[in-house]
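One structure is given here, and the rest of the page talks about it.
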Amino acid sequence: MTIDTLTEPTATTRDLTVVPARHYARWAAAVAVIVLLAQFTHGLATNPVWEWHVFRAYIFSDTIVQAVWVTLQLTAYATVLGFLLGTVIAFMRLSRSPVLQTVAWSYIWIFRSIPMIVQLVFWFNLSALYEELGVGIPFGPVFWSVDSNSLIGTIGAAVIGLTLHQAAYAAEIVRGGVIAVDHGQLEAAAALGIPRLRQIRRIVLPQAMRAILPTAGNEIIGLLKGTSVVYVMSIGELFYQVQVIYGRNGRVIPLLLVATAWYVVLTSLLSIAQYYVERRYARGANRTPPPTPLQRVRRVVATQRLLATRQLTEKT
């Protein structure tokens with residue numbers, strides 16, 4: 001008996017019917033999820049408590065749009081200043097100076113321990129501790145001073161509180177990204193005579209960004225939603241304005257939906273921006289990155305057009 005005889009299919013195996021595997025539990029779970037989603041969607045569409053006409057009336061009103069702009073301003077200021085300060089604190093923790101390490105560690109410990117709302121109220125009431133702020137010789141005469149209330153307004157107190165709070169978390173994010181870079185590359189750069197500052201700027205940070213960006217993007221999204229805490233300072237951001245409006249007209253549910261819709265839109269835009277920034281900094285590690293969703297859509301559309309053209313050519 002030869003090998004060809006053994007591998008040749010017999011009449012019995014040729015007549016077998018291939019039956020695909022049946023995943024009954026998976027199908028049942030999918031059906032249950034679809035039913036629940038359908039019920040939820042039906043409730044959204046038919047329950048009069050949602051008051052969609054009120055939602056449509058306020059979603060693009062001038063008051064809400066202005067409040068969204070204030071929310072974006074607070075997020076932008078706290079993000080930029082917080083990550084700048086956090087980067088300095090991160091490198092203080094990584095330095096060889098025990099004084100800088102201790103100060104940086106203490107800052108992170110204190111500002112991660114105190115809730116954000118407590119910090120905001122503290123900065124809002126700074127004038128109760130220091131009526132005037134001035135510049136002069138330490139423990140000596142003051143050359144110039146100014147009233148605390150006129151120097152730090154409500155928005156300024158909110159930005160300071162959000163920035164200092166964000167810097168504590170940003171410092172740990174940056175420090176984790178720097179630690180993730182192979183130390184051998186710094187040794188090679190030092191052997192080539194590259195200055196320390198250029199090593200950090202051109203070698204460490206570009207590689208650390210791949211580790212920093214996912215966590216940093218998540219932190220920025222959390223900060224965007226966390227700006228709602230400044231309502232305790234009566235700042236006209238999104239959540240505060242929604243509270244003011246439904247406090248007047250009593251339409252709590254639809255106005256909370258207005259705030260929810262805006263937060264979903266803003267976080268979605270930040271997520272899209274994070275995706276493309278991560279993709280840019282991944283070029284050094286991944287030379288052939290996967291196609292973006294837009295590129296995939298274009299590829300599908302081009303394929304469908306090509307198939308349609310071929311079918312039309314075959315018919316003619």
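Labels for the structure tokens follow display order: chains A, B, ..., residues from 1 in each chain, ligands from 1.
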Shell of 10 Å around segment 96-106 of chain A, only C-alpha atoms, local chain residues under 5 positions omitted, as a PDB file with all heavy atoms, in the first residue's frame:
```pdb
ATOM      1  N   GLY A  86       4.053  69.238  35.802  1.00  0.00           N
ATOM      2  CA  GLY A  86       4.250  67.823  36.100  1.00  0.00           C
ATOM      3  C   GLY A  86       5.538  67.279  35.502  1.00  0.00           C
ATOM      4  O   GLY A  86       6.203  66.429  36.116  1.00  0.00           O
ATOM      5  N   VAL A  88       8.311  68.997  35.045  1.00  0.00           N
ATOM      6  CA  VAL A  88       9.397  69.488  35.910  1.00  0.00           C
ATOM      7  C   VAL A  88       9.477  68.649  37.183  1.00  0.00           C
ATOM      8  O   VAL A  88      10.569  68.241  37.618  1.00  0.00           O
ATOM      9  CB  VAL A  88       9.169  70.971  36.243  1.00  0.00           C
ATOM     10  CG1 VAL A  88      10.205  71.455  37.257  1.00  0.00           C
ATOM     11  CG2 VAL A  88       9.236  71.817  34.981  1.00  0.00           C
ATOM     12  N   ILE A  89       8.337  68.369  37.775  1.00  0.00           N
ATOM     13  CA  ILE A  89       8.320  67.576  39.015  1.00  0.00           C
ATOM     14  C   ILE A  89       8.804  66.155  38.753  1.00  0.00           C
ATOM     15  O   ILE A  89       9.512  65.560  39.576  1.00  0.00           O
ATOM     16  CB  ILE A  89       6.904  67.585  39.616  1.00  0.00           C
ATOM     17  CG1 ILE A  89       6.512  69.006  40.015  1.00  0.00           C
ATOM     18  CG2 ILE A  89       6.813  66.656  40.820  1.00  0.00           C
ATOM     19  CD1 ILE A  89       5.072  69.150  40.432  1.00  0.00           C
ATOM     20  N   ALA A  90       8.445  65.598  37.590  1.00  0.00           N
ATOM     21  CA  ALA A  90       8.891  64.241  37.263  1.00  0.00           C
ATOM     22  C   ALA A  90      10.408  64.164  37.178  1.00  0.00           C
ATOM     23  O   ALA A  90      11.035  63.231  37.712  1.00  0.00           O
ATOM     24  CB  ALA A  90       8.262  63.797  35.946  1.00  0.00           C
ATOM     25  N   PHE A  91      11.029  65.146  36.524  1.00  0.00           N
ATOM     26  CA  PHE A  91      12.489  65.132  36.425  1.00  0.00           C
ATOM     27  C   PHE A  91      13.145  65.494  37.761  1.00  0.00           C
ATOM     28  O   PHE A  91      14.291  65.108  38.000  1.00  0.00           O
ATOM     29  CB  PHE A  91      12.952  66.068  35.312  1.00  0.00           C
ATOM     30  CG  PHE A  91      12.784  65.475  33.943  1.00  0.00           C
ATOM     31  CD1 PHE A  91      11.705  65.821  33.143  1.00  0.00           C
ATOM     32  CD2 PHE A  91      13.697  64.545  33.465  1.00  0.00           C
ATOM     33  CE1 PHE A  91      11.544  65.258  31.882  1.00  0.00           C
ATOM     34  CE2 PHE A  91      13.543  63.982  32.203  1.00  0.00           C
ATOM     35  CZ  PHE A  91      12.463  64.332  31.408  1.00  0.00           C
ATOM     36  N   PHE A 111      -0.737  66.570  46.995  1.00  0.00           N
ATOM     37  CA  PHE A 111      -1.800  66.954  46.066  1.00  0.00           C
ATOM     38  C   PHE A 111      -2.596  65.760  45.551  1.00  0.00           C
ATOM     39  O   PHE A 111      -3.688  65.938  45.030  1.00  0.00           O
ATOM     40  CB  PHE A 111      -1.216  67.751  44.900  1.00  0.00           C
ATOM     41  CG  PHE A 111      -0.939  69.180  45.260  1.00  0.00           C
ATOM     42  CD1 PHE A 111       0.304  69.565  45.740  1.00  0.00           C
ATOM     43  CD2 PHE A 111      -1.930  70.132  45.148  1.00  0.00           C
ATOM     44  CE1 PHE A 111       0.562  70.873  46.085  1.00  0.00           C
ATOM     45  CE2 PHE A 111      -1.680  71.457  45.485  1.00  0.00           C
ATOM     46  CZ  PHE A 111      -0.428  71.827  45.966  1.00  0.00           C
ATOM     47  N   ARG A 112      -2.060  64.553  45.670  1.00  0.00           N
ATOM     48  CA  ARG A 112      -2.881  63.376  45.372  1.00  0.00           C
ATOM     49  C   ARG A 112      -3.715  62.956  46.570  1.00  0.00           C
ATOM     50  O   ARG A 112      -4.675  62.200  46.411  1.00  0.00           O
ATOM     51  CB  ARG A 112      -2.001  62.213  44.909  1.00  0.00           C
ATOM     52  CG  ARG A 112      -1.401  62.398  43.549  1.00  0.00           C
ATOM     53  CD  ARG A 112      -0.947  61.085  42.939  1.00  0.00           C
ATOM     54  NE  ARG A 112       0.002  60.371  43.794  1.00  0.00           N
ATOM     55  CZ  ARG A 112       0.598  59.238  43.447  1.00  0.00           C
ATOM     56  NH1 ARG A 112       0.333  58.700  42.265  1.00  0.00           N
ATOM     57  NH2 ARG A 112       1.460  58.657  44.254  1.00  0.00           N
ATOM     58  N   ALA A 168       0.265  66.823  39.830  1.00  0.00           N
ATOM     59  CA  ALA A 168       0.689  65.682  40.645  1.00  0.00           C
ATOM     60  C   ALA A 168       0.526  64.376  39.885  1.00  0.00           C
ATOM     61  O   ALA A 168       1.390  63.493  39.940  1.00  0.00           O
ATOM     62  CB  ALA A 168      -0.117  65.650  41.945  1.00  0.00           C
ATOM     63  N   ALA A 171       2.946  64.274  36.738  1.00  0.00           N
ATOM     64  CA  ALA A 171       4.336  63.975  37.084  1.00  0.00           C
ATOM     65  C   ALA A 171       4.577  62.468  37.094  1.00  0.00           C
ATOM     66  O   ALA A 171       5.609  61.992  36.583  1.00  0.00           O
ATOM     67  CB  ALA A 171       4.672  64.573  38.452  1.00  0.00           C
ATOM     68  N   GLU A 172       3.655  61.714  37.647  1.00  0.00           N
ATOM     69  CA  GLU A 172       3.811  60.265  37.688  1.00  0.00           C
ATOM     70  C   GLU A 172       3.668  59.648  36.298  1.00  0.00           C
ATOM     71  O   GLU A 172       4.334  58.660  35.972  1.00  0.00           O
ATOM     72  CB  GLU A 172       2.794  59.655  38.642  1.00  0.00           C
ATOM     73  CG  GLU A 172       3.076  59.964  40.103  1.00  0.00           C
ATOM     74  CD  GLU A 172       4.403  59.365  40.559  1.00  0.00           C
ATOM     75  OE1 GLU A 172       4.430  58.184  40.912  1.00  0.00           O
ATOM     76  OE2 GLU A 172       5.418  60.098  40.529  1.00  0.00           O
TER      77      GLU A 172
END
```
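Using only C-alpha atoms, the smallest distance between any of A:Arg210, A:Arg310, A:Arg251, A:Arg305 and Arg280 of chain A comes from A:Arg210.
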Using only C-alpha atoms: which of A:Leu72, A:Ile253, A:Ala78, A:Ile220 has the shortest distance to Gln274 of chain A: A:Ile220
Coordinates-based distance that separates atom CA of Leu256 of chain A from atom CA of Tyr58 of chain A (Å, one decimal): 10.7 Å
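Proximity to Gln73 of chain A was assessed for A:Pro115, A:Gln241, A:Thr227, A:Ala216 counting only C-alpha atoms; the smallest distance is recorded for A:Thr227.
Closest to Thr63 of chain A among A:Val277, A:Ile245, A:Leu85, A:Val300 is A:Ile245, based on only C-alpha atoms.
One finds atom CA of Val174 of chain A at 13.7 Å from atom CA of Ser95 of chain A.
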What are the DSSP strand (DSSP E or B) residues of segment 13-230 of chain A, as a PDB file with N, CA and C atoms, in the first residue's frame?
```
ATOM      1  N   GLU A 132      -2.748  90.151  51.280  1.00  0.00           N
ATOM      2  CA  GLU A 132      -1.915  90.748  50.254  1.00  0.00           C
ATOM      3  C   GLU A 132      -0.807  89.786  49.862  1.00  0.00           C
ATOM      4  N   LEU A 133      -0.410  89.852  48.599  1.00  0.00           N
ATOM      5  CA  LEU A 133       0.725  89.100  48.088  1.00  0.00           C
ATOM      6  C   LEU A 133       1.740  90.096  47.555  1.00  0.00           C
ATOM      7  N   GLY A 134       3.019  89.876  47.892  1.00  0.00           N
ATOM      8  CA  GLY A 134       4.025  90.853  47.499  1.00  0.00           C
ATOM      9  C   GLY A 134       5.338  90.221  47.092  1.00  0.00           C
ATOM     10  N   VAL A 135       6.230  91.073  46.603  1.00  0.00           N
ATOM     11  CA  VAL A 135       7.564  90.674  46.174  1.00  0.00           C
ATOM     12  C   VAL A 135       8.573  91.476  46.982  1.00  0.00           C
ATOM     13  N   GLY A 136       9.571  90.785  47.503  1.00  0.00           N
ATOM     14  CA  GLY A 136      10.583  91.465  48.286  1.00  0.00           C
ATOM     15  C   GLY A 136      11.693  90.523  48.685  1.00  0.00           C
ATOM     16  N   VAL A 142       9.156  94.211  51.980  1.00  0.00           N
ATOM     17  CA  VAL A 142       8.377  93.933  50.774  1.00  0.00           C
ATOM     18  C   VAL A 142       8.391  95.171  49.899  1.00  0.00           C
ATOM     19  N   PHE A 143       8.805  95.027  48.653  1.00  0.00           N
ATOM     20  CA  PHE A 143       8.914  96.154  47.730  1.00  0.00           C
ATOM     21  C   PHE A 143       7.616  96.444  46.985  1.00  0.00           C
ATOM     22  N   TRP A 144       6.853  95.398  46.736  1.00  0.00           N
ATOM     23  CA  TRP A 144       5.620  95.574  45.948  1.00  0.00           C
ATOM     24  C   TRP A 144       4.590  94.569  46.422  1.00  0.00           C
ATOM     25  N   SER A 145       3.365  94.972  46.607  1.00  0.00           N
ATOM     26  CA  SER A 145       2.306  94.087  47.085  1.00  0.00           C
ATOM     27  C   SER A 145       1.007  94.429  46.380  1.00  0.00           C
ATOM     28  N   VAL A 146       0.105  93.479  46.384  1.00  0.00           N
ATOM     29  CA  VAL A 146      -1.185  93.648  45.730  1.00  0.00           C
ATOM     30  C   VAL A 146      -2.224  92.861  46.504  1.00  0.00           C
ATOM     31  N   ASP A 147      -3.453  93.311  46.440  1.00  0.00           N
ATOM     32  CA  ASP A 147      -4.542  92.630  47.135  1.00  0.00           C
ATOM     33  C   ASP A 147      -4.792  91.260  46.512  1.00  0.00           C
TER      34      ASP A 147
END
```
Ile200 of chain A environment, 10 Å, only C-alpha atoms, sequence neighbours closer than 6 positions dropped, as an MDAnalysis selection string: chainID A and resid 178 186 206:208
Take the selection from the previous step and output its residues with N, CA and C atoms, as a PDB file, in the first residue's frame.
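So result35.pdb came out as:
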```pdb
ATOM      1  N   VAL A 178       9.313  58.026  31.107  1.00  0.00           N
ATOM      2  CA  VAL A 178      10.768  58.162  31.032  1.00  0.00           C
ATOM      3  C   VAL A 178      11.451  56.890  31.502  1.00  0.00           C
ATOM      4  N   LEU A 186      20.632  56.174  26.625  1.00  0.00           N
ATOM      5  CA  LEU A 186      21.247  57.345  27.242  1.00  0.00           C
ATOM      6  C   LEU A 186      22.756  57.156  27.382  1.00  0.00           C
ATOM      7  N   PRO A 206      10.810  61.707  22.980  1.00  0.00           N
ATOM      8  CA  PRO A 206      10.081  61.110  21.847  1.00  0.00           C
ATOM      9  C   PRO A 206       9.735  59.642  22.052  1.00  0.00           C
ATOM     10  N   GLN A 207      10.635  58.891  22.696  1.00  0.00           N
ATOM     11  CA  GLN A 207      10.328  57.484  22.954  1.00  0.00           C
ATOM     12  C   GLN A 207       9.374  57.324  24.145  1.00  0.00           C
ATOM     13  N   ALA A 208       9.517  58.192  25.131  1.00  0.00           N
ATOM     14  CA  ALA A 208       8.642  58.111  26.300  1.00  0.00           C
ATOM     15  C   ALA A 208       7.201  58.464  25.951  1.00  0.00           C
TER      16      ALA A 208
END
```
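Comparing A:Ile152, A:Asn125, A:Leu270, A:Ile173 by their smallest distance to Ala76 of chain A, the closest is A:Leu270 (using only C-alpha atoms).
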Backbone-only DSSP, alpha helix (DSSP H) members of segment 3-210 of chain A, as a ChimeraX atom specification: /A:3-7,11-14,24-46,52-58,62-94,98-113,116-124,126-129,148-151,154-179,183-191,196-199,205-210
Just the selected residues (C-alpha atoms), exported as a compact mmCIF listing (two decimals), in the first residue's frame, please.
```
# COMPACT_ATOMS: atom_id res chain seq x y z
CA ILE A 3 1.20 6.78 0.48
CA ASP A 4 -1.13 7.95 -2.33
CA THR A 5 -3.50 5.15 -1.48
CA LEU A 6 -3.55 6.14 2.18
CA THR A 7 -4.18 9.84 1.53
CA ALA A 11 -16.15 6.86 -0.29
CA THR A 12 -17.09 7.16 3.37
CA THR A 13 -15.09 10.36 4.04
CA ARG A 14 -16.16 11.84 0.70
CA TYR A 24 -25.94 28.34 21.39
CA ALA A 25 -24.80 30.23 24.50
CA ARG A 26 -23.19 32.94 22.36
CA TRP A 27 -26.34 33.31 20.27
CA ALA A 28 -28.54 33.49 23.36
CA ALA A 29 -26.32 36.18 24.90
CA ALA A 30 -26.37 38.21 21.66
CA VAL A 31 -30.16 37.99 21.47
CA ALA A 32 -30.50 39.06 25.11
CA VAL A 33 -28.22 42.06 24.57
CA ILE A 34 -30.11 43.09 21.42
CA VAL A 35 -33.44 42.85 23.24
CA LEU A 36 -32.16 44.98 26.13
CA LEU A 37 -30.78 47.59 23.74
CA ALA A 38 -34.06 47.65 21.84
CA GLN A 39 -36.00 48.14 25.08
CA PHE A 40 -33.67 50.93 26.18
CA THR A 41 -33.94 52.67 22.78
CA HIS A 42 -37.72 52.31 22.80
CA GLY A 43 -37.84 53.83 26.27
CA LEU A 44 -35.72 56.76 25.15
CA ALA A 45 -38.02 57.39 22.21
CA THR A 46 -41.39 56.92 23.91
CA TRP A 52 -36.80 65.70 24.02
CA HIS A 53 -38.37 68.98 22.94
CA VAL A 54 -36.71 70.67 25.94
CA PHE A 55 -33.45 68.95 25.04
CA ARG A 56 -33.62 70.32 21.49
CA ALA A 57 -34.44 73.79 22.78
CA TYR A 58 -31.36 74.03 25.02
CA ASP A 62 -26.27 80.63 23.73
CA THR A 63 -25.97 80.01 27.47
CA ILE A 64 -25.00 76.35 27.04
CA VAL A 65 -22.56 77.04 24.21
CA GLN A 66 -20.87 79.75 26.27
CA ALA A 67 -20.65 77.33 29.20
CA VAL A 68 -19.05 74.70 26.94
CA TRP A 69 -16.46 77.29 25.91
CA VAL A 70 -15.64 78.00 29.58
CA THR A 71 -15.28 74.24 30.19
CA LEU A 72 -12.88 73.94 27.26
CA GLN A 73 -10.85 76.92 28.49
CA LEU A 74 -10.48 75.46 31.97
CA THR A 75 -9.49 72.09 30.50
CA ALA A 76 -6.93 73.61 28.13
CA TYR A 77 -5.31 75.82 30.77
CA ALA A 78 -5.12 73.05 33.37
CA THR A 79 -3.83 70.52 30.82
CA VAL A 80 -1.02 72.68 29.45
CA LEU A 81 0.10 74.16 32.76
CA GLY A 82 -0.43 70.90 34.65
CA PHE A 83 1.69 68.83 32.29
CA LEU A 84 4.40 71.49 32.12
CA LEU A 85 4.63 71.60 35.90
CA GLY A 86 4.25 67.82 36.10
CA THR A 87 7.17 67.31 33.71
CA VAL A 88 9.40 69.49 35.91
CA ILE A 89 8.32 67.58 39.01
CA ALA A 90 8.89 64.24 37.26
CA PHE A 91 12.49 65.13 36.43
CA MET A 92 12.95 66.42 39.97
CA ARG A 93 12.02 62.95 41.22
CA LEU A 94 14.43 61.39 38.73
CA PRO A 98 17.93 64.22 47.58
CA VAL A 99 16.42 67.67 48.16
CA LEU A 100 14.70 67.76 44.75
CA GLN A 101 13.57 64.16 45.13
CA THR A 102 12.06 64.84 48.55
CA VAL A 103 10.30 68.02 47.45
CA ALA A 104 8.87 66.34 44.32
CA TRP A 105 7.72 63.27 46.25
CA SER A 106 6.11 65.44 48.93
CA TYR A 107 4.29 67.53 46.32
CA ILE A 108 2.87 64.45 44.63
CA TRP A 109 1.90 62.90 47.96
CA ILE A 110 0.11 66.04 49.22
CA PHE A 111 -1.80 66.95 46.07
CA ARG A 112 -2.88 63.38 45.37
CA SER A 113 -4.12 63.07 48.95
CA MET A 116 -9.84 68.38 44.14
CA ILE A 117 -12.92 70.11 45.53
CA VAL A 118 -11.06 70.90 48.77
CA GLN A 119 -8.16 72.42 46.82
CA LEU A 120 -10.52 74.55 44.75
CA VAL A 121 -12.33 75.89 47.82
CA PHE A 122 -8.98 76.59 49.46
CA TRP A 123 -7.70 78.66 46.54
CA PHE A 124 -11.06 80.40 46.27
CA LEU A 126 -6.94 82.37 49.68
CA SER A 127 -7.58 85.98 50.68
CA ALA A 128 -8.74 84.76 54.09
CA LEU A 129 -5.16 83.53 54.73
CA SER A 148 -5.15 88.86 46.84
CA ASN A 149 -8.70 89.25 45.57
CA SER A 150 -7.66 91.54 42.74
CA LEU A 151 -4.71 89.33 41.76
CA THR A 154 -12.52 83.22 40.48
CA ILE A 155 -11.25 81.85 37.15
CA GLY A 156 -7.66 82.24 38.31
CA ALA A 157 -8.35 80.30 41.50
CA ALA A 158 -10.00 77.52 39.49
CA VAL A 159 -7.08 77.32 37.05
CA ILE A 160 -4.56 77.24 39.90
CA GLY A 161 -6.43 74.51 41.73
CA LEU A 162 -6.94 72.37 38.64
CA THR A 163 -3.33 72.87 37.51
CA LEU A 164 -1.74 71.93 40.82
CA HIS A 165 -4.00 68.91 41.15
CA GLN A 166 -3.33 67.79 37.59
CA ALA A 167 0.44 68.32 37.91
CA ALA A 168 0.69 65.68 40.65
CA TYR A 169 -0.80 63.01 38.37
CA ALA A 170 1.00 64.27 35.26
CA ALA A 171 4.34 63.97 37.08
CA GLU A 172 3.81 60.27 37.69
CA ILE A 173 2.65 59.74 34.10
CA VAL A 174 5.76 61.45 32.70
CA ARG A 175 8.05 59.67 35.15
CA GLY A 176 6.60 56.29 34.13
CA GLY A 177 7.17 57.09 30.45
CA VAL A 178 10.77 58.16 31.03
CA ILE A 179 11.53 55.05 33.07
CA HIS A 183 18.78 53.29 29.79
CA GLY A 184 21.34 51.95 27.32
CA GLN A 185 20.31 54.59 24.81
CA LEU A 186 21.25 57.35 27.24
CA GLU A 187 24.61 55.69 27.82
CA ALA A 188 25.18 55.53 24.05
CA ALA A 189 24.18 59.20 23.67
CA ALA A 190 26.53 60.19 26.51
CA ALA A 191 29.34 58.23 24.87
CA ARG A 196 22.20 66.02 28.74
CA LEU A 197 19.40 68.42 27.81
CA ARG A 198 19.51 67.31 24.18
CA GLN A 199 19.44 63.67 25.28
CA LEU A 205 10.92 62.25 25.43
CA PRO A 206 10.08 61.11 21.85
CA GLN A 207 10.33 57.48 22.95
CA ALA A 208 8.64 58.11 26.30
CA MET A 209 5.65 59.66 24.53
CA ARG A 210 4.52 56.21 23.39
```
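Between Ala273 of chain A and the residues A:Ile221, A:Val244, A:Ile137, A:Val181, the shortest atom-to-atom distance, using only C-alpha atoms, involves A:Ile221.
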